[in-house]
Amino acid sequence: MLRTHLLVILLYLFQVQAGVAAEPTKGYKSLFIGHSFFVPMARGMTAHAHRAGFKEHEQLVFFEGGDRGTPGYFWDNSRHSANIQKVLQSGQIELFGLTWTGVGRGKGTFEHFKLWVDYALKYNPDTTFALAMPWGRHPARYKIAEFDREMKLAHHRDFHGLIDRLREAYPKNEFFCIGYGQGAVELKRLYHAGTLSAVDGQTKNKERGTSGIFTDALGHPDKILVELGQLIWLGTIYDVDLEDYEYDHGFDLDLKAIAAKVIAQDDHHRHWESDK
C-alpha cells in the first residue's frame with residue numbers, strides 16, 4: 001500500500017513538472033512559422049537572445065501572408081510543408097513557435113495545430129511549443145474599449161482555450177502563450193488617451209513620411225510595435241528581466257515596462273521553476 005501511495009505521488013509530481021520550464025542557460029534551437037503579424041517578432045529573436053546572453057539560440061523562420069500563415073495552410077502547402085518537415089526530422093528542434101489569425105479564420109484550429117505537434121514530437125519528443133497571439137486586423141477602425149474587449153475575448157477565451165486543449169492532450173510537453181498582441185492594445189490605449197508622443201499617429205502615412213503604431217489599415221506593425229512585440233517575445237521565451245536588459249529601442253517611451261506588464265497579465269505565459 002505504501003509503495004502504491006509513493007508511486008501515485010511521484011506520478012503527480014512528474015505531471016506537474018512537465019508543465020514547468022527549467023531556466024534556459026544557452027539558448028534554444030528554434031523553428032517559427034507564421035504570417036506578417038508574427039514574423040517581424042520572430043526574426044528579431046536571434047539578436048535579442050544573443051544580446052541577453054543566450055548565445056546558442058538558433059532559429060529558422062518560415063513565412064506566408066495572412067491566413068496562409070496558420071498551421072493548417074502550412075501543412076497543406078507542399079513546398080513549405082516539405083521544408084518544415086525536413087527541419088523537424090533533424091531531431092534538433094527544442095522550441096517550435098506557431099500562430100493563428102483569429103476565430104473562424106485560416107486553418108488554426110486544435111486539429112491543425114495537432115498535425116504539427118504530432119509530427120514535431122515524432123522526431124523531437126521534448127519540444128516546447130510557443131503559441132503566439134497577434135492583434136486583430138484593421139485595428140485603427142476600433143475605439144480602444146471595443147478593441148480591448150474583442151482582444152480579451154479572443155486571447156483569454158479562444159486562444160487560451162486552444163492552449164488548454166493542447167496541454168491536456170500532451171501533458172509531457174510544455175505549451176505556452178506569447179501574448180504579444182496585447183502590445184497593440186497598450187499602444188492604442190496610449191494613443192487614444194493622447195499620450196503616445198513617440199509616434200506621429202495611429203497609422204503611418206508613407207507619403208508624408210510619418211510614423212505610427214501600424215503601417216497600414218490592415219494593421220501591419222510599424223517599428224514601435226515590432227520593438228514592443230520583440231521584447232514581449234524575449235521576456236516570455238527566456239524569462240529575461242526586461243528592466244535590467246541593456247537595449248536601446250530608440251523610442252521616448254518605456255517599452256520594456258509595457259512589455260513586462262503584458263507578460264505579467266497573461267496567466268498562460270511560461271511557468272518557471274524559479275517561480276515556485
# chains A, B, ... in the order shown; residues from 1 in each chain; ligands from 1
>>> residues_around(residues="Phe214 of chain A", least_positions_apart="6", cutoff="9 Å", atoms="only C-alpha atoms", output="ChimeraX atom specification")
/A:139-140,184,201-204,220-225
>>> select_by_dssp(residues="segment 17-219 of chain A", states="alpha helix (DSSP H)", output="MDAnalysis selection string")
chainID A and resid 17:18 39:43 45:51 71:76 78:89 110:123 144:152 160:169 181:192
>>> residues_around(residues="segment 46-61 of chain A", least_positions_apart="2", cutoff="7 Å", atoms="only C-alpha atoms", output="number ranges by chain")
A: 25-33, 43-44, 63, 234, 245
>>> write_last_selection(atoms="C-alpha atoms", output="PDB file, in the first residue's frame")
ATOM      1  CA  THR A  25      21.181  28.659 -19.935  1.00  0.00           C
ATOM      2  CA  LYS A  26      22.441  28.620 -23.518  1.00  0.00           C
ATOM      3  CA  GLY A  27      19.592  29.125 -25.993  1.00  0.00           C
ATOM      4  CA  TYR A  28      17.072  27.110 -27.952  1.00  0.00           C
ATOM      5  CA  LYS A  29      17.273  25.644 -31.424  1.00  0.00           C
ATOM      6  CA  SER A  30      14.037  27.183 -32.662  1.00  0.00           C
ATOM      7  CA  LEU A  31      11.568  26.930 -35.516  1.00  0.00           C
ATOM      8  CA  PHE A  32       8.965  29.652 -36.154  1.00  0.00           C
ATOM      9  CA  ILE A  33       6.213  29.537 -38.796  1.00  0.00           C
ATOM     10  CA  ARG A  43      13.094  37.448 -36.930  1.00  0.00           C
ATOM     11  CA  GLY A  44      14.331  39.663 -34.115  1.00  0.00           C
ATOM     12  CA  PHE A  63       6.639  32.962 -43.750  1.00  0.00           C
ATOM     13  CA  LEU A 234      12.157  37.763 -25.407  1.00  0.00           C
ATOM     14  CA  TYR A 245      18.014  44.227 -20.168  1.00  0.00           C
TER      15      TYR A 245
END
>>> closest_residue(among="A:Gly235, A:Pro125, A:Gly181, A:Gly66", to="Ile93 of chain A", atoms="only C-alpha atoms")
A:Pro125
>>> residues_around(residues="Ile144 of chain A", least_positions_apart="2", cutoff="10 Å", atoms="only C-alpha atoms", output="list in words")
Pro139, Ala140, Arg141, Tyr142, Glu146, Phe147, Asp148, Arg149, Glu150, Val185, Glu186, Leu187, Lys188, Arg189, Leu190, Tyr191, His192 and Ala193 of chain A
>>> closest_residue(among="A:Ala217, A:Trp116, A:Gln230, A:Phe159", to="Asn205 of chain A", atoms="only C-alpha atoms")
A:Ala217
>>> closest_residue(among="A:Val103, A:Ala42, A:Val226, A:Ala260", to="Leu242 of chain A", atoms="only C-alpha atoms")
A:Ala260
>>> residues_around(residues="segment 67-82 of chain A", least_positions_apart="2", cutoff="12 Å", atoms="only C-alpha atoms", output="PyMOL selection string")
chain A and resi 32-39+61-65+84-89+96-117+119+131-134+137
>>> select_by_dssp(residues="segment 37-146 of chain A", states="strand (DSSP E)", output="PyMOL selection string")
chain A and resi 58-63+95-99+128-132
>>> atom_distance(atom1="atom CA of Ile263 of chain A", atom2="atom CA of Tyr180 of chain A")
8.1 Å
>>> closest_atom_pairs(of="segment 170-273 of chain A", to="segment 120-123 of chain A", cutoff="12 Å", atoms="only C-alpha atoms", output="Markdown table")
| residue | atom | partner | partner_atom | distance |
| --- | --- | --- | --- | --- |
| A:Tyr170 | CA | A:Leu121 | CA | 9.9 |
| A:Lys172 | CA | A:Leu121 | CA | 10.6 |
| A:Asn173 | CA | A:Leu121 | CA | 9.2 |
| A:Glu174 | CA | A:Leu121 | CA | 11.7 |
>>> closest_residue(among="A:Phe176, A:Trp233, A:Tyr238, A:Phe251", to="His269 of chain A", atoms="only C-alpha atoms")
A:Phe176
>>> atom_distance(atom1="atom CA of Leu218 of chain A", atom2="atom CA of Asp252 of chain A")
25.7 Å
>>> closest_residue(among="A:Gly136, A:Gly183, A:Gly209, A:Gly91", to="Gln265 of chain A", atoms="only C-alpha atoms")
A:Gly183
